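*Asks:* Just so it is clear, I am handing over run25.pdb, which has PDB, C-alpha atoms.
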ATOM      1  CA  MET A 189     141.832  62.862 163.702
ATOM      2  CA  ALA A 190     140.192  64.728 166.570
ATOM      3  CA  HIS A 191     137.499  62.970 168.564
ATOM      4  CA  ARG A 192     134.199  64.860 168.775
ATOM      5  CA  ASP A 193     132.349  64.809 172.055
ATOM      6  CA  GLU A 194     130.057  66.870 174.237
ATOM      7  CA  VAL A 195     129.712  67.709 177.904
ATOM      8  CA  GLU A 196     126.712  68.879 179.889
ATOM      9  CA  LEU A 197     127.366  72.109 181.788
ATOM     10  CA  SER A 198     125.082  74.269 183.895
ATOM     11  CA  ALA A 199     124.140  76.417 180.875
ATOM     12  CA  GLY A 200     123.616  73.553 178.427
ATOM     13  CA  THR A 201     125.501  71.123 176.203
ATOM     14  CA  ILE A 202     128.931  72.182 174.975
ATOM     15  CA  GLU A 203     130.445  70.383 171.991
ATOM     16  CA  TYR A 204     134.199  70.002 171.702
ATOM     17  CA  GLU A 205     136.951  68.244 169.808
ATOM     18  CA  ASP A 206     139.828  66.416 171.488
ATOM     19  CA  THR A 207     142.901  65.175 169.643
ATOM     20  CA  GLY A 208     143.874  62.957 172.580
ATOM     21  CA  GLY A 209     147.425  61.954 173.325
ATOM     22  CA  GLU A 210     149.747  62.091 176.299
ATOM     23  CA  GLY A 211     151.348  65.497 175.753
ATOM     24  CA  PRO A 212     150.613  68.773 177.522
ATOM     25  CA  VAL A 213     147.061  70.040 177.064
ATOM     26  CA  ALA A 214     146.083  73.161 175.145
ATOM     27  CA  VAL A 215     142.490  74.410 175.375
ATOM     28  CA  LEU A 216     141.810  76.745 172.467
ATOM     29  CA  LEU A 217     139.044  79.371 172.627
ATOM     30  CA  HIS A 218     137.421  81.179 169.704
ATOM     31  CA  GLY A 219     135.378  84.376 169.335
ATOM     32  CA  VAL A 220     131.908  85.523 168.344
ATOM     33  CA  ALA A 221     130.020  83.937 165.408
ATOM     34  CA  MET A 222     132.546  81.163 164.824
ATOM     35  CA  ASP A 223     133.432  77.787 166.278
ATOM     36  CA  GLY A 224     136.459  75.743 167.201
ATOM     37  CA  SER A 225     137.382  75.199 163.554
ATOM     38  CA  LEU A 226     139.046  78.631 163.768
ATOM     39  CA  TRP A 227     142.037  76.721 165.212
ATOM     40  CA  ARG A 228     142.110  73.839 162.725
ATOM     41  CA  GLU A 229     145.479  74.712 161.144
ATOM     42  CA  VAL A 230     147.060  75.592 164.490
ATOM     43  CA  VAL A 231     145.917  72.241 165.883
ATOM     44  CA  ALA A 232     147.570  70.500 162.931
ATOM     45  CA  GLY A 233     150.786  72.401 163.663
ATOM     46  CA  LEU A 234     150.756  71.489 167.354
ATOM     47  CA  ARG A 235     150.479  67.759 166.706
ATOM     48  CA  PRO A 236     152.089  65.500 167.626
ATOM     49  CA  GLY A 237     153.217  66.317 171.126
ATOM     50  CA  VAL A 238     150.329  68.518 172.269
ATOM     51  CA  ARG A 239     146.825  67.354 173.153
ATOM     52  CA  CYS A 240     144.422  69.970 171.774
ATOM     53  CA  ILE A 241     140.918  70.416 173.183
ATOM     54  CA  VAL A 242     138.735  72.857 171.285
ATOM     55  CA  PRO A 243     135.282  73.670 172.700
ATOM     56  CA  THR A 244     132.632  75.508 170.727
ATOM     57  CA  LEU A 245     131.512  78.276 173.057
ATOM     58  CA  PRO A 246     127.915  79.641 173.038
ATOM     59  CA  LEU A 247     128.907  82.743 171.075
ATOM     60  CA  GLY A 248     126.735  82.283 167.988
ATOM     61  CA  GLY A 249     128.568  79.536 166.119
ATOM     62  CA  HIS A 250     127.257  76.823 168.442
ATOM     63  CA  ARG A 251     124.673  74.323 167.192
ATOM     64  CA  ARG A 252     123.055  73.401 170.518
ATOM     65  CA  PRO A 253     121.116  76.295 172.110
ATOM     66  CA  MET A 254     121.761  76.975 175.766
ATOM     67  CA  ARG A 255     119.051  76.891 178.405
ATOM     68  CA  PRO A 256     116.771  79.949 178.286
ATOM     69  CA  ASP A 257     117.893  81.091 181.749
ATOM     70  CA  ALA A 258     121.642  80.607 181.093
ATOM     71  CA  ASP A 259     123.976  83.443 182.033
ATOM     72  CA  LEU A 260     125.746  84.196 178.759
ATOM     73  CA  SER A 261     127.256  87.515 179.719
ATOM     74  CA  VAL A 262     131.000  87.867 179.215
ATOM     75  CA  LEU A 263     131.599  86.748 182.795
ATOM     76  CA  GLY A 264     128.990  83.997 182.469
ATOM     77  CA  VAL A 265     130.742  82.469 179.454
ATOM     78  CA  ALA A 266     134.104  82.768 181.237
ATOM     79  CA  ARG A 267     132.656  80.782 184.130
ATOM     80  CA  LEU A 268     131.484  78.152 181.642
ATOM     81  CA  VAL A 269     135.099  77.775 180.485
ATOM     82  CA  ALA A 270     136.152  77.177 184.106
ATOM     83  CA  GLU A 271     133.327  74.666 184.488
ATOM     84  CA  PHE A 272     134.423  72.945 181.260
ATOM     85  CA  LEU A 273     137.971  72.510 182.586
ATOM     86  CA  GLU A 274     136.599  71.104 185.833
ATOM     87  CA  ARG A 275     134.173  68.656 184.211
ATOM     88  CA  LEU A 276     136.912  67.257 181.980
ATOM     89  CA  ASP A 277     139.277  67.239 184.988
ATOM     90  CA  LEU A 278     141.925  69.158 183.057
ATOM     91  CA  ARG A 279     144.880  70.509 185.022
ATOM     92  CA  ASP A 280     147.939  72.578 184.208
ATOM     93  CA  VAL A 281     146.414  73.453 180.840
ATOM     94  CA  THR A 282     147.626  76.064 178.403
ATOM     95  CA  LEU A 283     144.564  78.240 177.843
ATOM     96  CA  ALA A 284     144.753  80.028 174.502
ATOM     97  CA  MET A 285     142.316  82.659 173.272
ATOM     98  CA  ASN A 286     141.832  84.595 170.064
ATOM     99  CA  ASP A 287     139.311  87.377 169.394
ATOM    100  CA  TRP A 288     137.331  86.563 172.553
ATOM    101  CA  GLY A 289     138.927  88.151 175.604
ATOM    102  CA  GLY A 290     136.579  86.797 178.242
ATOM    103  CA  ALA A 291     139.135  84.377 179.642
ATOM    104  CA  GLN A 292     140.691  87.431 181.325
ATOM    105  CA  ALA A 293     137.489  87.533 183.399
ATOM    106  CA  LEU A 294     138.117  83.926 184.416
ATOM    107  CA  VAL A 295     141.426  84.980 185.987
ATOM    108  CA  ALA A 296     139.878  88.050 187.598
ATOM    109  CA  ASP A 297     137.085  85.868 188.994
ATOM    110  CA  GLY A 298     139.610  83.623 190.751
ATOM    111  CA  ARG A 299     138.802  80.524 188.670
ATOM    112  CA  ASP A 300     142.225  80.009 187.115
ATOM    113  CA  GLU A 301     143.589  77.240 189.349
ATOM    114  CA  ARG A 302     143.564  74.722 186.479
ATOM    115  CA  ILE A 303     145.506  77.020 184.127
ATOM    116  CA  GLY A 304     149.257  76.479 183.946
ATOM    117  CA  ARG A 305     149.978  78.912 181.089
ATOM    118  CA  LEU A 306     148.137  81.587 179.142
ATOM    119  CA  VAL A 307     148.402  82.304 175.428
ATOM    120  CA  ILE A 308     146.663  85.579 174.635
ATOM    121  CA  THR A 309     146.463  86.379 170.944
ATOM    122  CA  SER A 310     144.818  89.466 169.462
ATOM    123  CA  CYS A 311     141.586  89.762 171.435
ATOM    124  CA  GLU A 312     139.257  91.985 173.393
ATOM    125  CA  ALA A 313     141.025  93.716 176.273
ATOM    126  CA  PHE A 314     140.677  96.700 178.579
ATOM    127  CA  GLU A 315     137.674  98.797 177.478
ATOM    128  CA  ASN A 316     137.640  97.370 173.918
ATOM    129  CA  PHE A 317     134.440  95.344 174.484
ATOM    130  CA  PRO A 318     132.737  94.980 172.023
ATOM    131  CA  PRO A 319     135.833  95.421 169.884
ATOM    132  CA  GLY A 320     136.408  97.972 167.159
ATOM    133  CA  LEU A 321     134.102  98.754 164.274
ATOM    134  CA  PRO A 322     132.818  95.173 163.791
ATOM    135  CA  GLY A 323     131.994  94.885 167.497
ATOM    136  CA  LYS A 324     130.168  98.200 167.611
ATOM    137  CA  ASN A 325     128.180  97.222 164.523
ATOM    138  CA  LEU A 326     127.235  93.893 166.129
ATOM    139  CA  HIS A 327     126.215  95.627 169.363
ATOM    140  CA  THR A 328     123.946  98.009 167.462
ATOM    141  CA  SER A 329     122.335  95.086 165.624
ATOM    142  CA  ALA A 330     121.743  93.205 168.904
ATOM    143  CA  ARG A 331     119.861  96.160 170.362
ATOM    144  CA  LEU A 332     117.371  96.335 167.472
ATOM    145  CA  PRO A 333     114.380  93.975 167.179
ATOM    146  CA  GLY A 334     115.347  91.399 164.578
ATOM    147  CA  GLY A 335     118.713  93.113 164.180
ATOM    148  CA  LEU A 336     120.920  90.038 164.484
ATOM    149  CA  ARG A 337     118.780  88.093 162.045
ATOM    150  CA  THR A 338     119.042  90.899 159.497
ATOM    151  CA  ALA A 339     122.777  91.422 160.039
ATOM    152  CA  PHE A 340     123.680  87.779 159.524
ATOM    153  CA  THR A 341     121.227  87.233 156.673
ATOM    154  CA  LEU A 342     123.069  89.981 154.805
ATOM    155  CA  LEU A 343     126.277  88.006 155.301
ATOM    156  CA  LYS A 344     124.932  85.309 153.001
ATOM    157  CA  LEU A 345     126.137  87.765 150.350
ATOM    158  CA  ARG A 346     129.833  86.917 150.369
ATOM    159  CA  PRO A 347     131.137  90.322 149.154
ATOM    160  CA  LEU A 348     129.609  91.936 152.270
ATOM    161  CA  ARG A 349     131.843  89.797 154.466
ATOM    162  CA  ARG A 350     134.899  91.830 153.443
ATOM    163  CA  LEU A 351     133.524  95.174 154.605
ATOM    164  CA  PRO A 352     135.380  96.806 157.544
ATOM    165  CA  MET A 353     132.203  96.822 159.636
ATOM    166  CA  THR A 354     131.716  93.064 159.233
ATOM    167  CA  TRP A 355     134.710  90.718 158.739
ATOM    168  CA  GLY A 356     136.975  92.683 156.430
ATOM    169  CA  TRP A 357     139.250  93.845 159.243
ATOM    170  CA  MET A 358     139.277  90.483 161.012
ATOM    171  CA  THR A 359     141.537  88.738 158.483
ATOM    172  CA  LYS A 360     143.920  89.945 155.798
ATOM    173  CA  ARG A 361     142.964  86.954 153.692
ATOM    174  CA  PRO A 362     139.324  85.933 153.283
ATOM    175  CA  VAL A 363     138.155  83.096 155.490
ATOM    176  CA  PRO A 364     137.226  80.181 153.167
ATOM    177  CA  ALA A 365     133.583  80.674 152.219
ATOM    178  CA  GLU A 366     132.522  77.165 153.204
ATOM    179  CA  LEU A 367     134.080  77.600 156.655
ATOM    180  CA  MET A 368     132.359  80.928 157.236
ATOM    181  CA  ASP A 369     129.065  79.479 155.990
ATOM    182  CA  ALA A 370     129.363  76.794 158.687
ATOM    183  CA  TRP A 371     130.090  79.450 161.323
ATOM    184  CA  PHE A 372     127.030  81.510 160.387
ATOM    185  CA  ARG A 373     124.543  78.706 159.686
ATOM    186  CA  PRO A 374     123.306  78.385 163.297
ATOM    187  CA  LEU A 375     122.557  82.115 163.342
ATOM    188  CA  TRP A 376     120.764  81.861 159.996
ATOM    189  CA  THR A 377     118.538  78.999 161.097
ATOM    190  CA  SER A 378     117.943  79.189 164.866
ATOM    191  CA  PRO A 379     116.150  81.931 166.840
ATOM    192  CA  GLU A 380     117.502  80.318 170.019
ATOM    193  CA  ILE A 381     121.102  80.658 168.835
ATOM    194  CA  ARG A 382     120.447  84.315 168.004
ATOM    195  CA  ARG A 383     118.966  84.711 171.492
ATOM    196  CA  ASP A 384     122.140  83.272 173.016
ATOM    197  CA  LEU A 385     124.361  85.605 171.010
ATOM    198  CA  ARG A 386     122.228  88.606 171.915
ATOM    199  CA  LYS A 387     122.689  87.791 175.605
ATOM    200  CA  TYR A 388     126.436  87.789 175.169
ATOM    201  CA  VAL A 389     126.691  90.945 173.057
ATOM    202  CA  LEU A 390     124.501  92.892 175.476
ATOM    203  CA  GLY A 391     126.143  91.350 178.545
ATOM    204  CA  VAL A 392     129.285  93.495 178.574
ATOM    205  CA  PRO A 393     129.968  95.137 181.965
ATOM    206  CA  PRO A 394     130.875  98.813 182.422
ATOM    207  CA  ALA A 395     134.356  99.999 181.421
ATOM    208  CA  ALA A 396     135.456 100.235 185.059
ATOM    209  CA  GLU A 397     134.810  96.511 185.522
ATOM    210  CA  LEU A 398     136.622  95.649 182.298
ATOM    211  CA  LEU A 399     139.674  97.600 183.445
ATOM    212  CA  ARG A 400     139.540  95.836 186.817
ATOM    213  CA  TRP A 401     139.670  92.478 185.021
ATOM    214  CA  ALA A 402     142.807  93.538 183.208
ATOM    215  CA  GLU A 403     144.409  94.793 186.405
ATOM    216  CA  ARG A 404     143.823  91.435 188.080
ATOM    217  CA  LEU A 405     146.164  89.827 185.536
ATOM    218  CA  ARG A 406     148.967  91.068 187.808
ATOM    219  CA  ALA A 407     148.059  88.151 190.079
ATOM    220  CA  PHE A 408     148.587  85.511 187.377
ATOM    221  CA  ASP A 409     152.087  84.369 188.321
ATOM    222  CA  ARG A 410     152.493  81.649 185.689
ATOM    223  CA  PRO A 411     154.010  81.832 182.180
ATOM    224  CA  ALA A 412     152.043  83.899 179.686
ATOM    225  CA  LEU A 413     152.621  84.493 175.991
ATOM    226  CA  VAL A 414     150.989  87.529 174.379
ATOM    227  CA  ALA A 415     151.108  87.171 170.586
ATOM    228  CA  TRP A 416     149.556  90.136 168.803
ATOM    229  CA  ALA A 417     149.001  90.926 165.149
ATOM    230  CA  SER A 418     151.165  93.929 164.334
ATOM    231  CA  GLU A 419     148.666  95.167 161.723
ATOM    232  CA  ASP A 420     145.518  94.590 163.790
ATOM    233  CA  ARG A 421     142.802  97.147 163.060
ATOM    234  CA  VAL A 422     140.237  95.870 165.576
ATOM    235  CA  MET A 423     142.335  94.939 168.623
ATOM    236  CA  PRO A 424     144.871  97.787 169.117
ATOM    237  CA  PRO A 425     148.465  96.482 169.026
ATOM    238  CA  GLU A 426     149.311  98.602 172.078
ATOM    239  CA  HIS A 427     146.876  96.438 174.053
ATOM    240  CA  GLY A 428     149.185  93.478 173.552
ATOM    241  CA  LEU A 429     152.073  95.423 175.047
ATOM    242  CA  ARG A 430     149.935  96.549 177.982
ATOM    243  CA  LEU A 431     148.734  93.021 178.715
ATOM    244  CA  ALA A 432     152.264  91.617 178.636
ATOM    245  CA  ALA A 433     153.393  94.358 181.041
ATOM    246  CA  LEU A 434     150.602  93.454 183.486
ATOM    247  CA  LEU A 435     151.430  89.737 183.547
ATOM    248  CA  PRO A 436     154.359  88.964 185.914
ATOM    249  CA  GLN A 437     155.755  86.345 183.494
ATOM    250  CA  GLY A 438     154.344  87.903 180.345
ATOM    251  CA  ARG A 439     156.251  87.772 177.043
ATOM    252  CA  HIS A 440     155.163  89.810 174.044
ATOM    253  CA  VAL A 441     155.604  88.743 170.425
ATOM    254  CA  GLU A 442     154.424  90.621 167.342
ATOM    255  CA  ILE A 443     153.094  88.572 164.443
ATOM    256  CA  PRO A 444     153.410  90.402 161.120
ATOM    257  CA  ASP A 445     151.176  90.128 158.058
ATOM    258  CA  SER A 446     148.048  89.387 160.071
ATOM    259  CA  TYR A 447     144.857  90.954 161.327
ATOM    260  CA  THR A 448     142.917  89.775 164.388
ATOM    261  CA  LEU A 449     142.330  86.142 163.455
ATOM    262  CA  ILE A 450     145.948  85.030 163.631
ATOM    263  CA  PRO A 451     144.900  81.323 163.495
ATOM    264  CA  VAL A 452     143.605  82.078 159.972
ATOM    265  CA  ASP A 453     146.229  84.551 158.734
ATOM    266  CA  GLN A 454     149.378  83.083 160.347
ATOM    267  CA  PRO A 455     148.543  79.617 161.723
ATOM    268  CA  HIS A 456     152.000  78.103 161.195
ATOM    269  CA  ARG A 457     153.794  80.966 162.924
ATOM    270  CA  LEU A 458     151.363  80.824 165.847
ATOM    271  CA  ALA A 459     151.621  77.045 166.153
ATOM    272  CA  SER A 460     155.424  77.273 166.174
ATOM    273  CA  LEU A 461     155.370  79.892 168.935
ATOM    274  CA  MET A 462     152.926  77.861 170.999
ATOM    275  CA  ARG A 463     154.870  74.615 170.612
ATOM    276  CA  THR A 464     158.062  76.271 171.826
ATOM    277  CA  PHE A 465     156.230  77.993 174.673
ATOM    278  CA  MET A 466     154.485  74.832 175.856
ATOM    279  CA  LEU A 467     157.124  72.193 175.318
ATOM    280  CA  ASP A 468     159.876  74.297 176.892
ATOM    281  CA  GLY A 469     157.734  74.814 179.976
ATOM    282  CA  GLY A 470     157.085  78.482 179.249
ATOM    283  CA  ALA A 471     160.632  79.364 178.336
ATOM    284  CA  ALA A 472     161.296  82.428 176.227
ATOM    285  CA  VAL A 473     160.103  82.185 172.646
TER     286      VAL A 473
END
Now, as a test, write the supplied structure out as structure tokens.

*Replies:*
Amino acid sequence: MAHRDEVELSAGTIEYEDTGGEGPVAVLLHGVAMDGSLWREVVAGLRPGVRCIVPTLPLGGHRRPMRPDADLSVLGVARLVAEFLERLDLRDVTLAMNDWGGAQALVADGRDERIGRLVITSCEAFENFPPGLPGKNLHTSARLPGGLRTAFTLLKLRPLRRLPMTWGWMTKRPVPAELMDAWFRPLWTSPEIRRDLRKYVLGVPPAAELLRWAERLRAFDRPALVAWASEDRVMPPEHGLRLAALLPQGRHVEIPDSYTLIPVDQPHRLASLMRTFMLDGGAAV
């Protein structure tokens, strides 16, 4: 069973789960309006042999509001990830991301010295911030007074969760209702959590800066696995190919029968790929 803990960072308190153990370390990052439980089945597939650390980032599914003056832009959250690795004194970690692409900014910002390997699964990349139809819908809601409260209150109606503009294109199979309820509850109940999410959604830099982040991946000279959902309708599959081509040691794998949230749609396949990638020291998968 994973141990639950928290760490105080410059922006506020970050909660995380840690399976412990002596194996190589994987730090698993989730996207907007969810928490670390996105990775629950992947974590089960990585054990034993891999120590999994899963923080809940301040992206709307967090339960502890950040400080009012916290920088929660895309780059600001990426810097929090770097600070998290430093505070826990984690080194040579495998940093895995799904949906949220901000960890690319961490590399571009020169804060990747603790990362030994990257696992990039279907996520924001290049100019696709905020991503696809769901991202554009969320951005519009964040710009309107009370928009995020209205948008997420509507998602109490479970049939609305399967619309293309909400979560319908995020997974081929519905996320279990009780899990999604837990993801959304902080946004239903806390104005401060909605404030934090609004900061992030409206904190996307211009397209030229986003493209510069991607270009800086050429400097990441360590093993990198790019696993992309072949049927993704939010994160273009060609972005996976482009990212793998930018990374000097990048390897691209297509995962069939999945939309963006591969840890939900194909957790066993993803866990198998990651185990091989990590335990063989980044060898071909």

*Asks:* Give me, please, the distance in Å between atom CA of A:Thr464 and atom CA of A:Arg275, quoted to one decimal.

*Replies:*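 Interatomic distance here is 28.0 Å.
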
*Asks:* By how many Å are atom CA of A:Thr341 and atom CA of A:Pro318 apart?

*Replies:* 20.7 Å

*Asks:* Between atom CA of A:Arg251 and atom CA of A:Ala370, what is the distance in Å, rounded to a tenth?

*Replies:*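 Computing it gives 10.0 Å between the two atoms.
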
*Asks:* Evaluate the PyMOL selection byres ((chain A and resi 417) around 7) on the structure here and hand back the selected residues as an mmCIF file with C-alpha atoms, in the coordinates of the input.

*Replies:*
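Contents of selection-v5.cif, as written:
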data_model
loop_
_atom_site.group_PDB
_atom_site.id
_atom_site.type_symbol
_atom_site.label_atom_id
_atom_site.label_comp_id
_atom_site.auth_asym_id
_atom_site.auth_seq_id
_atom_site.Cartn_x
_atom_site.Cartn_y
_atom_site.Cartn_z
ATOM 1 C CA SER A 310 144.818 89.466 169.462
ATOM 2 C CA ALA A 415 151.108 87.171 170.586
ATOM 3 C CA TRP A 416 149.556 90.136 168.803
ATOM 4 C CA SER A 418 151.165 93.929 164.334
ATOM 5 C CA GLU A 419 148.666 95.167 161.723
ATOM 6 C CA ASP A 420 145.518 94.590 163.790
ATOM 7 C CA PRO A 425 148.465 96.482 169.026
ATOM 8 C CA GLU A 442 154.424 90.621 167.342
ATOM 9 C CA ILE A 443 153.094 88.572 164.443
ATOM 10 C CA PRO A 444 153.410 90.402 161.120
ATOM 11 C CA SER A 446 148.048 89.387 160.071
ATOM 12 C CA TYR A 447 144.857 90.954 161.327
ATOM 13 C CA THR A 448 142.917 89.775 164.388
ATOM 14 C CA ILE A 450 145.948 85.030 163.631
#

*Asks:* Kindly indicate which residue among A:Val281, A:Leu367, A:Leu351, A:Leu332 lies nearest to A:Asp223, using all atoms listed in the file for the distances.

*Replies:* A:Leu367

*Asks:* Once the PyMOL selection byres ((chain A and resi 307-309) around 6) is applied to the coordinates I shared, what remains selected? I want it as a VMD selection string.

*Replies:* chain A and resid 284 to 286 306 310 to 311 412 to 416

*Asks:* Sorted by chain and rising residue number, list the residues of stretch 253-280 of chain A at most 7 Å from stretch 194-206 of chain A (counting all atoms listed in the file), each with its closest atom pair and distance in Å to one decimal, as a Markdown table.

*Replies:*
| residue | atom | partner | partner_atom | distance |
| --- | --- | --- | --- | --- |
| A:Met254 | CA | A:Gly200 | CA | 4.7 |
| A:Arg255 | CA | A:Gly200 | CA | 5.7 |
| A:Ala258 | CA | A:Ala199 | CA | 4.9 |

*Asks:* Set the distance at 12 Å and use only C-alpha atoms: which residues neighbour A:Leu399 once local chain neighbours fewer than 6 positions away are removed? I'd like the list as a PyMOL selection string.

*Replies:* chain A and resi 292-293+296+312-317+393+405+427+430-431+434

*Asks:* Considering all atoms listed in the file, return as a list in words whatever protein or nucleic-acid residues lie within 9 Å of A:Met353, sequence-local ones (same chain, fewer than 3 positions apart) excluded.

*Replies:* Gly320, Leu321, Pro322, Gly323, Lys324, Asn325, Leu326, Arg349, Arg350, Gly356 and Trp357 of chain A

*Asks:* Given the choices A:Arg410, A:Arg228, A:Arg337, A:Arg463, which gets closest to A:Gln437 if the distance is worked out from all atoms listed in the file?

*Replies:* A:Arg410

*Asks:* Pick from A:Arg457, A:Arg305, A:Arg346, A:Arg279: nearest to A:Gly438, with all atoms listed in the file counted?

*Replies:*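 Under the stated criterion, the closest residue is A:Arg305.
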
*Asks:* So which one's closest to A:Gly224, A:Met462, A:Leu247, A:Leu342, A:Ala396? Using all atoms listed in the file, please.

*Replies:*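 Nearest to A:Gly224: A:Leu247.
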
*Asks:* Specify as a PyMOL selection string each residue included when the PyMOL selection byres ((chain A and resi 372) around 8) is applied to this file.

*Replies:* chain A and resi 221-222+248-249+340+368-371+373-376

*Asks:* Supply stretch 448-455 of chain A as a PDB file, keeping the file's coordinate frame, with all heavy atoms built in where the input has gaps.

*Replies:*
ATOM      1  N   THR A 448     143.297  90.364 163.097  1.00  0.00           N
ATOM      2  CA  THR A 448     142.917  89.775 164.388  1.00  0.00           C
ATOM      3  C   THR A 448     142.984  88.253 164.416  1.00  0.00           C
ATOM      4  O   THR A 448     143.527  87.662 165.357  1.00  0.00           O
ATOM      5  CB  THR A 448     141.490  90.233 164.764  1.00  0.00           C
ATOM      6  OG1 THR A 448     141.472  91.664 164.859  1.00  0.00           O
ATOM      7  CG2 THR A 448     141.064  89.634 166.089  1.00  0.00           C
ATOM      8  N   LEU A 449     142.420  87.602 163.418  1.00  0.00           N
ATOM      9  CA  LEU A 449     142.330  86.142 163.455  1.00  0.00           C
ATOM     10  C   LEU A 449     143.654  85.522 163.008  1.00  0.00           C
ATOM     11  O   LEU A 449     143.794  84.983 161.913  1.00  0.00           O
ATOM     12  CB  LEU A 449     141.163  85.651 162.601  1.00  0.00           C
ATOM     13  CG  LEU A 449     139.770  86.142 163.031  1.00  0.00           C
ATOM     14  CD1 LEU A 449     138.690  85.461 162.199  1.00  0.00           C
ATOM     15  CD2 LEU A 449     139.524  85.936 164.521  1.00  0.00           C
ATOM     16  N   ILE A 450     144.619  85.579 163.902  1.00  0.00           N
ATOM     17  CA  ILE A 450     145.948  85.030 163.631  1.00  0.00           C
ATOM     18  C   ILE A 450     145.875  83.539 163.277  1.00  0.00           C
ATOM     19  O   ILE A 450     146.627  83.078 162.408  1.00  0.00           O
ATOM     20  CB  ILE A 450     146.880  85.271 164.835  1.00  0.00           C
ATOM     21  CG1 ILE A 450     147.020  86.779 165.102  1.00  0.00           C
ATOM     22  CG2 ILE A 450     148.249  84.658 164.596  1.00  0.00           C
ATOM     23  CD1 ILE A 450     147.761  87.107 166.392  1.00  0.00           C
ATOM     24  N   PRO A 451     144.981  82.727 163.894  1.00  0.00           N
ATOM     25  CA  PRO A 451     144.900  81.323 163.495  1.00  0.00           C
ATOM     26  C   PRO A 451     144.495  81.122 162.033  1.00  0.00           C
ATOM     27  O   PRO A 451     144.689  80.024 161.496  1.00  0.00           O
ATOM     28  CB  PRO A 451     143.830  80.757 164.440  1.00  0.00           C
ATOM     29  CG  PRO A 451     143.894  81.630 165.644  1.00  0.00           C
ATOM     30  CD  PRO A 451     144.162  83.006 165.096  1.00  0.00           C
ATOM     31  N   VAL A 452     143.930  82.146 161.398  1.00  0.00           N
ATOM     32  CA  VAL A 452     143.605  82.078 159.972  1.00  0.00           C
ATOM     33  C   VAL A 452     144.733  82.671 159.136  1.00  0.00           C
ATOM     34  O   VAL A 452     145.170  82.079 158.147  1.00  0.00           O
ATOM     35  CB  VAL A 452     142.282  82.812 159.680  1.00  0.00           C
ATOM     36  CG1 VAL A 452     142.029  82.915 158.165  1.00  0.00           C
ATOM     37  CG2 VAL A 452     141.117  82.117 160.358  1.00  0.00           C
ATOM     38  N   ASP A 453     145.231  83.846 159.529  1.00  0.00           N
ATOM     39  CA  ASP A 453     146.229  84.551 158.734  1.00  0.00           C
ATOM     40  C   ASP A 453     147.638  83.976 158.883  1.00  0.00           C
ATOM     41  O   ASP A 453     148.401  83.932 157.909  1.00  0.00           O
ATOM     42  CB  ASP A 453     146.255  86.039 159.112  1.00  0.00           C
ATOM     43  CG  ASP A 453     145.180  86.848 158.409  1.00  0.00           C
ATOM     44  OD1 ASP A 453     144.717  86.416 157.334  1.00  0.00           O
ATOM     45  OD2 ASP A 453     144.814  87.925 158.920  1.00  0.00           O
ATOM     46  N   GLN A 454     148.017  83.571 160.096  1.00  0.00           N
ATOM     47  CA  GLN A 454     149.378  83.083 160.347  1.00  0.00           C
ATOM     48  C   GLN A 454     149.355  81.844 161.251  1.00  0.00           C
ATOM     49  O   GLN A 454     149.982  81.827 162.324  1.00  0.00           O
ATOM     50  CB  GLN A 454     150.228  84.192 160.987  1.00  0.00           C
ATOM     51  CG  GLN A 454     150.514  85.370 160.087  1.00  0.00           C
ATOM     52  CD  GLN A 454     151.411  85.005 158.917  1.00  0.00           C
ATOM     53  OE1 GLN A 454     152.152  84.024 158.964  1.00  0.00           O
ATOM     54  NE2 GLN A 454     151.359  85.790 157.851  1.00  0.00           N
ATOM     55  N   PRO A 455     148.661  80.785 160.837  1.00  0.00           N
ATOM     56  CA  PRO A 455     148.543  79.617 161.723  1.00  0.00           C
ATOM     57  C   PRO A 455     149.864  78.917 161.994  1.00  0.00           C
ATOM     58  O   PRO A 455     150.092  78.429 163.107  1.00  0.00           O
ATOM     59  CB  PRO A 455     147.575  78.702 160.963  1.00  0.00           C
ATOM     60  CG  PRO A 455     147.714  79.108 159.527  1.00  0.00           C
ATOM     61  CD  PRO A 455     147.949  80.593 159.570  1.00  0.00           C
TER      62      PRO A 455
END
